[in-house]
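**Q** The file below is run11.txt, compact mmCIF, C-alpha atoms:
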```txt
# COMPACT_ATOMS: atom_id res chain seq x y z
CA TYR V 1 0.00 0.00 0.00
CA GLU V 2 2.93 2.32 0.72
CA GLU V 3 4.21 1.70 -2.80
CA VAL V 4 0.82 2.62 -4.28
CA ARG V 5 0.60 5.76 -2.14
CA ARG V 6 3.99 6.93 -3.43
CA LYS V 7 2.90 6.51 -7.06
CA VAL V 8 -0.70 7.77 -7.21
CA THR V 9 -2.22 11.23 -7.01
CA LEU V 10 -5.68 11.53 -5.46
CA LYS V 11 -7.87 14.62 -5.77
CA GLY V 12 -7.33 16.95 -2.81
CA PHE V 13 -4.01 15.46 -1.77
CA ARG V 14 -0.44 15.98 -2.82
CA ARG V 15 1.28 13.01 -4.42
CA GLY V 16 2.33 10.49 -1.77
CA LYS V 17 0.34 12.24 0.98
CA ALA V 18 -3.11 10.61 0.64
CA PRO V 19 -4.36 8.99 3.91
CA MET V 20 -3.68 5.25 4.07
CA ASN V 21 -7.36 4.40 4.79
CA ILE V 22 -8.37 6.01 1.45
CA ILE V 23 -5.57 4.22 -0.41
CA LYS V 24 -6.70 0.90 1.07
CA SER V 25 -10.37 1.40 0.23
CA SER V 26 -9.57 2.54 -3.33
CA TYR V 27 -6.91 0.00 -4.27
CA ALA V 28 -7.62 -3.05 -2.10
CA ASP V 29 -8.49 -5.42 -4.95
CA SER V 30 -5.59 -4.52 -7.25
CA VAL V 31 -3.05 -4.57 -4.39
CA ARG V 32 -4.29 -7.92 -3.14
CA GLU V 33 -4.11 -9.32 -6.71
CA GLU V 34 -0.54 -8.08 -7.19
CA VAL V 35 0.66 -9.37 -3.81
CA VAL V 36 -0.89 -12.80 -4.43
CA GLU V 37 0.72 -13.02 -7.88
CA LYS V 38 4.17 -12.10 -6.52
CA LEU V 39 3.93 -14.49 -3.58
CA ILE V 40 2.84 -17.41 -5.77
CA LYS V 41 5.57 -16.74 -8.32
CA SER V 42 8.20 -16.65 -5.58
CA THR V 43 7.02 -19.75 -3.68
CA TYR V 44 5.39 -22.15 -6.15
CA PRO V 45 8.63 -23.23 -7.96
CA ASP V 46 10.31 -24.02 -4.59
CA ALA V 47 7.31 -26.11 -3.53
CA VAL V 48 7.48 -28.12 -6.75
CA THR V 49 11.24 -28.64 -6.36
CA SER V 50 10.96 -29.67 -2.72
CA GLN V 51 8.38 -32.33 -3.65
CA THR V 52 10.46 -33.42 -6.70
CA LEU V 53 7.34 -33.24 -8.87
CA LYS V 54 7.45 -33.60 -12.66
CA VAL V 55 4.71 -31.09 -13.42
CA ALA V 56 2.68 -31.47 -16.62
CA SER V 57 0.29 -28.52 -16.28
CA PRO V 58 0.11 -24.94 -15.04
CA PRO V 59 -1.11 -24.79 -11.42
CA HIS V 60 -4.77 -24.28 -10.53
CA ILE V 61 -4.66 -21.96 -7.51
CA SER V 62 -7.34 -22.06 -4.80
CA ASP V 63 -7.90 -21.57 -1.04
CA LEU V 64 -6.09 -18.22 -0.85
CA LYS V 65 -5.79 -17.26 2.84
CA PHE V 66 -4.06 -14.30 4.46
CA GLY V 67 -3.43 -15.06 8.14
CA ASP V 68 -3.76 -12.56 10.96
CA ASP V 69 -0.01 -12.82 11.45
CA GLY V 70 0.60 -11.61 7.90
CA GLY V 71 1.22 -15.12 6.55
CA PHE V 72 -0.26 -16.36 3.27
CA THR V 73 -1.29 -19.88 2.28
CA TYR V 74 -2.77 -21.31 -0.89
CA THR V 75 -3.36 -24.63 -2.63
CA ALA V 76 -1.78 -25.31 -6.04
CA LYS V 77 -3.32 -28.26 -7.86
CA VAL V 78 -1.26 -29.62 -10.75
CA GLU V 79 -1.17 -32.61 -13.05
CA ILE V 80 2.06 -34.56 -12.96
CA PHE V 81 3.69 -36.79 -15.54
CA PRO V 82 2.97 -40.50 -15.03
CA GLU V 83 5.61 -42.56 -13.24
CA ILE V 84 7.09 -45.08 -15.69
CA SER V 85 9.54 -47.47 -14.12
CA LYS V 86 10.71 -48.96 -17.41
CA VAL V 87 9.75 -48.58 -21.07
CA LYS V 88 8.97 -51.97 -22.62
CA PHE V 89 9.93 -52.64 -26.22
CA ASP V 90 9.97 -56.41 -26.48
CA GLY V 91 8.98 -58.37 -29.57
CA LEU V 92 8.63 -55.48 -32.00
CA GLU V 93 7.91 -56.81 -35.50
CA LEU V 94 8.27 -55.07 -38.84
CA THR V 95 7.45 -56.42 -42.28
CA ALA V 96 9.58 -55.09 -45.12
CA GLY V 97 7.88 -54.46 -48.45
CA ASN V 98 9.29 -54.72 -51.95
CA ILE V 99 11.17 -51.50 -52.74
CA ASP V 100 12.46 -52.53 -56.17
CA VAL V 101 11.57 -50.05 -58.91
CA THR V 102 9.58 -51.53 -61.81
CA ASP V 103 10.02 -50.46 -65.44
CA LYS V 104 6.45 -49.10 -65.39
CA GLU V 105 7.20 -46.92 -62.35
CA LEU V 106 10.34 -45.63 -64.05
CA GLU V 107 8.42 -44.74 -67.23
CA ASN V 108 5.72 -42.96 -65.21
CA PHE V 109 8.43 -40.98 -63.41
CA VAL V 110 10.06 -39.93 -66.69
CA GLU V 111 6.63 -38.92 -68.05
CA MET V 112 6.09 -36.79 -64.95
CA LEU V 113 9.44 -35.07 -65.64
CA ARG V 114 8.30 -34.42 -69.20
CA GLU V 115 5.00 -32.95 -67.95
CA ARG V 116 6.90 -30.57 -65.68
CA ARG V 117 8.90 -29.23 -68.61
CA ALA V 118 6.01 -29.09 -71.05
CA GLU V 119 5.46 -25.98 -73.15
CA PHE V 120 2.09 -24.60 -74.22
CA ARG V 121 1.20 -23.25 -77.65
CA GLU V 122 -1.79 -20.95 -78.18
CA LEU V 123 -4.22 -22.30 -80.81
CA THR V 124 -7.30 -21.14 -82.72
CA ARG V 125 -8.58 -24.59 -83.79
CA PRO V 126 -11.45 -26.51 -82.11
CA ILE V 127 -10.67 -27.99 -78.70
CA LYS V 128 -9.23 -31.52 -78.57
CA GLU V 129 -9.47 -33.86 -75.57
CA THR V 130 -5.75 -33.41 -74.82
CA ASP V 131 -5.81 -29.57 -74.71
CA THR V 132 -5.69 -27.13 -71.82
CA VAL V 133 -8.41 -24.49 -72.01
CA THR V 134 -9.09 -21.16 -70.30
CA VAL V 135 -12.78 -20.50 -69.60
CA ASP V 136 -15.11 -18.21 -67.68
CA LEU V 137 -17.47 -20.28 -65.53
CA THR V 138 -20.82 -18.97 -64.29
CA LYS V 139 -22.90 -21.07 -61.91
CA VAL V 140 -26.43 -21.48 -63.28
CA LYS V 141 -27.94 -24.19 -61.04
CA ASP V 142 -26.72 -25.55 -57.71
CA SER V 143 -29.46 -27.47 -55.89
CA LYS V 144 -27.38 -28.14 -52.74
CA LEU V 145 -25.73 -24.68 -52.72
CA ALA V 146 -22.34 -26.41 -52.64
CA LEU V 147 -20.59 -23.34 -54.09
CA LYS V 148 -20.90 -19.91 -52.51
CA GLN V 149 -19.35 -18.20 -55.52
CA THR V 150 -21.24 -17.66 -58.75
CA GLU V 151 -18.49 -16.40 -61.06
CA PHE V 152 -15.19 -18.21 -61.77
CA PRO V 153 -13.34 -16.10 -64.36
CA ASN V 154 -10.18 -17.27 -66.16
CA THR V 155 -10.41 -20.86 -64.95
CA THR V 156 -7.82 -23.27 -66.42
CA ILE V 157 -9.03 -26.80 -67.22
CA ASP V 158 -6.58 -29.53 -68.30
CA LEU V 159 -8.73 -31.93 -70.32
CA ASN V 160 -5.91 -34.49 -70.33
CA SER V 161 -5.81 -34.69 -66.52
CA SER V 162 -7.29 -37.69 -64.74
CA LEU V 163 -8.63 -35.27 -62.11
CA THR V 164 -10.84 -33.39 -64.59
CA VAL V 165 -14.49 -34.51 -64.47
CA LYS V 166 -15.76 -36.31 -67.60
CA GLU V 167 -18.55 -33.75 -68.17
CA PHE V 168 -15.98 -31.02 -68.87
CA LYS V 169 -13.87 -33.36 -71.02
CA GLU V 170 -16.85 -34.34 -73.17
CA GLY V 171 -18.64 -30.98 -73.13
CA LEU V 172 -15.67 -28.80 -74.08
CA THR V 173 -14.22 -31.00 -76.84
CA GLY V 174 -15.04 -29.50 -80.26
CA LEU V 175 -15.81 -25.97 -79.05
CA ASN V 176 -13.98 -22.91 -80.37
CA ILE V 177 -12.76 -19.72 -78.74
CA GLY V 178 -15.81 -17.49 -78.17
CA ASP V 179 -18.25 -20.40 -77.87
CA SER V 180 -20.51 -20.72 -74.82
CA LYS V 181 -22.30 -23.80 -73.52
CA GLU V 182 -24.13 -25.02 -70.42
CA ILE V 183 -22.53 -28.09 -68.86
CA THR V 184 -24.04 -30.01 -65.93
CA VAL V 185 -21.53 -31.76 -63.69
CA THR V 186 -22.59 -34.57 -61.34
CA TYR V 187 -19.92 -34.91 -58.66
CA LYS V 188 -19.52 -38.43 -57.22
CA SER V 189 -20.14 -38.99 -53.51
CA ASP V 190 -16.41 -39.72 -52.99
CA TYR V 191 -15.22 -36.64 -54.93
CA ALA V 192 -11.97 -35.24 -53.50
CA ASP V 193 -13.53 -31.86 -52.61
CA ASN V 194 -16.00 -32.67 -49.81
CA ALA V 195 -17.96 -29.47 -50.44
CA LEU V 196 -18.80 -30.65 -53.98
CA ALA V 197 -19.20 -34.39 -53.29
CA GLY V 198 -22.66 -35.67 -54.18
CA SER V 199 -23.85 -32.38 -55.70
CA GLU V 200 -25.05 -31.50 -59.23
CA ILE V 201 -24.07 -28.12 -60.64
CA THR V 202 -24.80 -26.54 -64.00
CA TYR V 203 -22.24 -24.07 -65.34
CA LYS V 204 -22.35 -21.69 -68.28
CA VAL V 205 -18.91 -22.14 -69.86
CA SER V 206 -17.40 -19.46 -72.14
CA VAL V 207 -14.20 -20.48 -73.95
CA LYS V 208 -11.47 -17.79 -73.89
CA GLY V 209 -8.33 -19.66 -74.91
CA VAL V 210 -7.03 -23.02 -76.13
CA LYS V 211 -3.51 -24.31 -75.57
CA GLU V 212 -1.81 -27.42 -76.84
CA LYS V 213 0.63 -29.10 -74.49
CA ILE V 214 3.96 -29.91 -76.18
CA LEU V 215 6.06 -32.45 -74.30
CA PRO V 216 9.86 -32.40 -74.79
CA GLU V 217 11.59 -35.27 -76.61
CA ILE V 218 13.46 -37.73 -74.39
CA ASP V 219 16.94 -37.02 -75.71
CA GLU V 220 20.35 -35.79 -74.56
CA ASN V 221 19.07 -32.23 -74.08
CA PHE V 222 16.25 -33.51 -71.86
CA ALA V 223 18.68 -35.66 -69.85
CA LYS V 224 20.94 -32.65 -69.31
CA ALA V 225 18.03 -30.42 -68.27
CA VAL V 226 16.36 -32.75 -65.75
CA ALA V 227 19.29 -34.75 -64.36
CA ASP V 228 22.45 -32.87 -65.39
CA VAL V 229 23.84 -35.96 -67.15
CA PRO V 230 24.94 -36.32 -70.81
CA THR V 231 22.92 -39.39 -71.87
CA VAL V 232 19.36 -40.72 -71.60
CA LEU V 233 20.67 -43.99 -70.14
CA GLU V 234 22.42 -42.16 -67.30
CA MET V 235 19.26 -40.12 -66.72
CA ARG V 236 17.20 -43.33 -66.39
CA VAL V 237 19.76 -44.83 -63.99
CA LYS V 238 19.66 -41.66 -61.88
CA ALA V 239 15.85 -41.61 -61.99
CA ARG V 240 15.69 -45.26 -60.88
CA ASP V 241 18.04 -44.48 -57.97
CA GLU V 242 15.87 -41.54 -56.95
CA LEU V 243 12.72 -43.69 -57.02
CA LYS V 244 14.48 -46.36 -54.95
CA ARG V 245 15.49 -43.71 -52.39
CA GLN V 246 11.89 -42.44 -52.23
CA LYS V 247 10.62 -45.98 -51.61
CA GLU V 248 13.23 -46.54 -48.90
CA ASP V 249 12.25 -43.25 -47.21
CA ALA V 250 8.55 -44.19 -47.37
CA GLN V 251 9.30 -47.61 -45.88
CA ASN V 252 11.42 -46.10 -43.10
CA LYS V 253 8.55 -43.72 -42.23
CA ARG V 254 6.18 -46.71 -42.16
CA PHE V 255 8.63 -48.60 -39.92
CA LYS V 256 8.85 -45.65 -37.53
CA SER V 257 5.06 -45.34 -37.40
CA GLU V 258 4.69 -49.07 -36.73
CA ILE V 259 7.32 -49.05 -33.97
CA ILE V 260 5.58 -46.13 -32.26
CA LYS V 261 2.18 -47.88 -32.45
CA GLN V 262 3.57 -51.11 -31.02
CA MET V 263 5.49 -49.37 -28.23
CA VAL V 264 2.49 -47.23 -27.26
CA ALA V 265 0.38 -50.42 -27.16
CA GLN V 266 2.94 -52.07 -24.83
CA ASN V 267 3.20 -49.06 -22.50
CA GLN V 268 -0.29 -47.88 -21.57
CA PHE V 269 -0.77 -45.12 -18.97
CA LEU V 270 -3.04 -42.16 -18.38
CA VAL V 271 -2.00 -39.08 -20.31
CA PRO V 272 -2.24 -35.73 -18.44
CA GLU V 273 -5.57 -34.17 -19.45
CA SER V 274 -4.07 -30.67 -19.63
CA MET V 275 -1.62 -31.82 -22.32
CA VAL V 276 -4.47 -33.37 -24.32
CA GLY V 277 -6.42 -30.13 -23.94
CA ASN V 278 -3.47 -28.05 -25.19
CA TYR V 279 -3.03 -30.35 -28.19
CA LEU V 280 -6.73 -30.07 -29.12
CA ASP V 281 -6.68 -26.28 -28.58
CA ASN V 282 -3.81 -26.04 -31.09
CA VAL V 283 -5.76 -28.14 -33.62
CA ILE V 284 -8.76 -25.80 -33.27
CA GLU V 285 -6.49 -22.74 -33.55
CA ASP V 286 -4.89 -24.07 -36.76
CA LEU V 287 -8.29 -24.81 -38.34
CA THR V 288 -9.53 -21.34 -37.36
CA LYS V 289 -6.46 -19.72 -38.98
CA GLN V 290 -7.20 -21.71 -42.15
CA LYS V 291 -10.76 -20.31 -42.03
CA ALA V 292 -12.07 -23.86 -42.32
CA LYS V 293 -15.65 -24.80 -41.50
CA PHE V 294 -15.77 -27.30 -38.66
CA ASP V 295 -17.75 -28.55 -35.69
CA GLU V 296 -15.46 -27.93 -32.70
CA LYS V 297 -17.05 -30.67 -30.55
CA GLU V 298 -16.67 -33.20 -33.36
CA ILE V 299 -13.04 -32.19 -34.06
CA ARG V 300 -12.10 -32.52 -30.39
CA GLN V 301 -13.75 -35.93 -30.23
CA ASN V 302 -12.11 -37.22 -33.43
CA TYR V 303 -8.65 -35.87 -32.61
CA ARG V 304 -8.57 -37.02 -28.97
CA PRO V 305 -7.15 -40.54 -29.74
CA ILE V 306 -4.48 -38.94 -31.96
CA ALA V 307 -3.63 -36.45 -29.20
CA GLU V 308 -3.36 -39.17 -26.57
CA GLU V 309 -1.15 -41.41 -28.72
CA THR V 310 1.10 -38.50 -29.76
CA ILE V 311 1.59 -37.30 -26.17
CA ARG V 312 2.02 -40.85 -24.85
CA TRP V 313 4.82 -41.38 -27.39
CA GLN V 314 6.51 -38.07 -26.45
CA ILE V 315 6.56 -39.12 -22.80
CA LEU V 316 7.83 -42.61 -23.67
CA LEU V 317 10.49 -41.20 -25.98
CA HIS V 318 12.04 -39.04 -23.27
CA LYS V 319 11.83 -41.82 -20.69
CA LEU V 320 13.43 -44.24 -23.17
CA ALA V 321 16.29 -41.80 -23.84
CA GLU V 322 16.86 -41.53 -20.09
CA GLN V 323 16.57 -45.31 -19.61
CA GLU V 324 18.99 -46.17 -22.42
CA LYS V 325 21.30 -43.27 -21.52
CA ILE V 326 20.98 -41.70 -24.97
CA GLU V 327 22.62 -38.28 -25.00
CA VAL V 328 22.62 -35.60 -27.66
CA LEU V 329 26.10 -34.14 -27.86
CA PRO V 330 26.87 -30.60 -29.10
CA ALA V 331 28.55 -32.23 -32.14
CA ASP V 332 25.24 -33.94 -33.03
CA VAL V 333 23.37 -30.62 -33.02
CA GLU V 334 26.22 -28.99 -34.97
CA LYS V 335 25.95 -31.63 -37.69
CA VAL V 336 22.21 -31.05 -38.16
CA ILE V 337 22.70 -27.26 -38.29
CA ASN V 338 25.51 -27.62 -40.86
CA ASN V 339 23.26 -29.83 -43.03
CA MET V 340 20.48 -27.27 -42.78
CA ALA V 341 22.90 -24.47 -43.72
CA ALA V 342 24.04 -26.42 -46.79
CA ALA V 343 20.45 -27.12 -47.84
CA TYR V 344 19.44 -23.43 -47.63
CA LYS V 345 22.77 -22.15 -48.97
CA ILE V 346 23.56 -20.07 -45.88
CA THR V 347 26.49 -20.12 -43.46
CA PRO V 348 26.37 -22.35 -40.33
CA GLU V 349 26.47 -19.17 -38.23
CA GLN V 350 23.38 -17.80 -40.01
CA ALA V 351 21.64 -21.16 -39.53
CA LYS V 352 22.41 -21.05 -35.79
CA GLN V 353 20.91 -17.56 -35.54
CA VAL V 354 17.74 -18.69 -37.32
CA MET V 355 17.41 -21.73 -35.03
CA ALA V 356 18.04 -19.64 -31.90
CA ARG V 357 15.41 -17.04 -32.89
CA SER V 358 12.77 -19.69 -33.62
CA GLY V 359 13.64 -21.74 -30.52
CA LYS V 360 14.16 -24.88 -32.63
CA VAL V 361 17.38 -26.10 -30.99
CA ASP V 362 15.42 -28.25 -28.51
CA ASP V 363 13.47 -29.72 -31.46
CA ILE V 364 16.79 -30.77 -33.00
CA LYS V 365 17.76 -32.45 -29.73
CA ASP V 366 14.44 -34.33 -29.67
```
Step by step, read the file and then write its structure as structure tokens.

**A**
Amino acid sequence: YEEVRRKVTLKGFRRGKAPMNIIKSSYADSVREEVVEKLIKSTYPDAVTSQTLKVASPPHISDLKFGDDGGFTYTAKVEIFPEISKVKFDGLELTAGNIDVTDKELENFVEMLRERRAEFRELTRPIKETDTVTVDLTKVKDSKLALKQTEFPNTTIDLNSSLTVKEFKEGLTGLNIGDSKEITVTYKSDYADNALAGSEITYKVSVKGVKEKILPEIDENFAKAVADVPTVLEMRVKARDELKRQKEDAQNKRFKSEIIKQMVAQNQFLVPESMVGNYLDNVIEDLTKQKAKFDEKEIRQNYRPIAEETIRWQILLHKLAEQEKIEVLPADVEKVINNMAAAYKITPEQAKQVMARSGKVDDIKD
């Protein structure tokens, strides 16, 4: 109260000279709040340390009592991490798949490389089923109101793509620039865009441009451009190696996922509810930032098992590291930072600064 009296100016009194009874009646709530906050901050960490608690949640404070002798007591209720005496990892089983690259997979990969380097030539002829067209779309009928928008100007449609609905492929073929036509699209119930799945929409389509896709020849120039090698044979060898590496990476990710599932199944324990709540809050926050439509209750219910398994694994991982005496040395962190610097073409020192600012060093250690 003395500190408040020194700082405030009350009407009718010089600064620092207001009677204490007026100060107390005017500032009782804010002073009490500040004193409580300071006392808890200065005593709570010591209480946790003295009890050797591994705290998993912020404290819930209750039973605040100021004694007549000037003492202060309170109750801090916290969740603690579960006690795990030993992490079990017996009898883990993994089944390796075939990671050999087939000739068909190689050809598909080369075709994908050709697609990426395709050129487009503007045309004035009627549309063919392999062309890419630019159209203005206007929604005419939409019984389920699946689309909020009505106008979709300058829409590009690749008629050769497997993702393009058949109604556009059939309806646009044969049209010329300047032509207009109504096309009704019936979207299947398993259509990739959930908003459109199962709906029927009629569009007025006005053709604005037609382009023919020209794929590059598979020759020495192509090999040089996509793989930086002089011959097509060397390009195919390099492509096969890349596909093999991708398959190995995918299998390793599957192995990791399987190991985690099996270890979590072997080591069941209650996960701190506050950690689950934080995880689900972050999911909701991410969806809100994406401006997605969602039912919060349904999302929390659906994501709860994922949250519990993820947190359970995080707890097991740290306990396992402690149990097996796995240490991350400064040289280990240095190696990761150097690799990151090389990947982003910056100096290791710049990479360290980036990691320090974003607080990612602990993530590297994990």

**Q** Quick one, how far is CA of Glu107 (chain V) from CA of Leu243 (chain V)?

**A** 11.1 Å

**Q** Might you pull out every residue within 7 Å of region 77-92 of chain V, with only C-alpha atoms counted and same-chain residues fewer than 3 positions away left off, and present them as a list in words?

**A**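 Final neighbour list, sorted by chain and number: Leu53, Lys54, Val55, Ala56, Ser57, Pro58, Pro59, His60, Ile61, Ile259, Gln262, Met263, Gln266, Asn267, Pro272, Leu316 and Leu320 of chain V.
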
**Q** So, counting all atoms listed in the file, which residue among V:Leu270, V:Ile22, V:Val4, V:Ile299 is closest to Asn282 (chain V)?

**A**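 The answer is V:Ile299, which sits nearest to Asn282 (chain V).
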
**Q** Nearest to Ser143 (chain V) among V:Asn176, V:Arg357, V:Ser199, V:Phe168, with distances taken over only C-alpha atoms: which residue is it?

**A** V:Ser199

**Q** Which residue is closest to Leu94 (chain V)? Choose from V:Phe109, V:Tyr1, V:Phe255, V:Phe269 and count all atoms listed in the file.

**A**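 The shortest atom-to-atom distance to Leu94 (chain V) comes from V:Phe255.
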
**Q** Closest to Val185 (chain V) among V:Ile201, V:Ile127, V:Leu172, V:Val283, using only C-alpha atoms?

**A**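 The shortest atom-to-atom distance to Val185 (chain V) comes from V:Ile201.
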
**Q** Provide the CA of Asp103 (chain V) to CA of Lys238 (chain V) distance in Å, to one decimal place.

**A**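 Rounded to one decimal, the two atoms are 13.5 Å apart.
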
**Q** What separation in Å, quoted to one decimal, exists between CA of Trp313 (chain V) and CA of Thr288 (chain V)?

**A**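 Calculated distance between CA of Trp313 (chain V) and CA of Thr288 (chain V) is 26.6 Å.
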
**Q** Which protein, DNA or RNA residues are at most 10 Å from (-23.0, -27.1, -51.5) in the file's coordinates when you count all atoms listed in the file, listed as an NGL selection string?

**A** :V and (142-148 or 194-201)

**Q** Using only C-alpha atoms, which residues sit within 10 Å of Leu137 (chain V) once same-chain residues fewer than 3 positions away are excluded, as an MDAnalysis selection string?

**A** chainID V and resid 134 140 150:155 180:183 202:207

**Q** Taking all atoms listed in the file into account, which of V:Glu273, V:Phe294, V:Leu215, V:Val354 comes nearest Arg116 (chain V)?

**A**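 Looking at the shortest contact to Arg116 (chain V), the residue is V:Leu215.
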
**Q** Mind checking which residues fall within 12 Å of Lys297 (chain V), counting all atoms listed in the file, ignoring those fewer than 6 positions away in the same chain, and posting them as a compact mmCIF listing (two decimals) with C-alpha atoms, in the frame of the given file?

**A**
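What ended up in selection_9.txt:
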```txt
# COMPACT_ATOMS: atom_id res chain seq x y z
CA LEU V 280 -6.73 -30.07 -29.12
CA ASP V 281 -6.68 -26.28 -28.58
CA VAL V 283 -5.76 -28.14 -33.62
CA ILE V 284 -8.76 -25.80 -33.27
CA TYR V 303 -8.65 -35.87 -32.61
CA ARG V 304 -8.57 -37.02 -28.97
```

**Q** Write out as a PDB file with C-alpha atoms, in the coordinates of the input which residues come within 12 Å of region 26-28 of chain V when counting all atoms listed in the file, dropping same-chain ones fewer than 6 positions away.

**A**
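File out_7.pdb, as written:
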```
ATOM      1  CA  TYR V   1       0.000   0.000   0.000  1.00  0.00           C
ATOM      2  CA  GLU V   2       2.930   2.320   0.720  1.00  0.00           C
ATOM      3  CA  GLU V   3       4.210   1.700  -2.800  1.00  0.00           C
ATOM      4  CA  VAL V   4       0.820   2.620  -4.280  1.00  0.00           C
ATOM      5  CA  ARG V   5       0.600   5.760  -2.140  1.00  0.00           C
ATOM      6  CA  VAL V   8      -0.700   7.770  -7.210  1.00  0.00           C
ATOM      7  CA  THR V   9      -2.220  11.230  -7.010  1.00  0.00           C
ATOM      8  CA  LEU V  10      -5.680  11.530  -5.460  1.00  0.00           C
ATOM      9  CA  ALA V  18      -3.110  10.610   0.640  1.00  0.00           C
ATOM     10  CA  PRO V  19      -4.360   8.990   3.910  1.00  0.00           C
ATOM     11  CA  MET V  20      -3.680   5.250   4.070  1.00  0.00           C
ATOM     12  CA  GLU V  34      -0.540  -8.080  -7.190  1.00  0.00           C
ATOM     13  CA  VAL V  35       0.660  -9.370  -3.810  1.00  0.00           C
TER      14      VAL V  35
END
```

**Q** Do you know which residues are at most 12 Å from Thr102 (chain V) counting all atoms listed in the file, after dropping those on the same chain fewer than 6 positions away, and could you put them as a list of chain:residue names?

**A**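 Close residues of Thr102 (chain V): V:Asn108, V:Phe109, V:Ala239, V:Arg240, V:Asp241, V:Leu243, V:Lys244, V:Lys247.
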
**Q** Of the candidates V:Lys208, V:Lys24, V:Lys261, V:Arg236, which shows the shortest atom-to-atom distance to Phe222 (chain V), using all atoms listed in the file?

**A** V:Arg236

**Q** Each side padded by 3 Å, which centre and which edge lengths in Å (one decimal) define the axis-aligned box around the listed atoms of region 141-152 of chain V? Give them as AutoDock Vina command-line options.

**A**
```
--center_x -22.3 --center_y -22.3 --center_z -57.1 --size_x 20.3 --size_y 17.7 --size_z 15.3
```
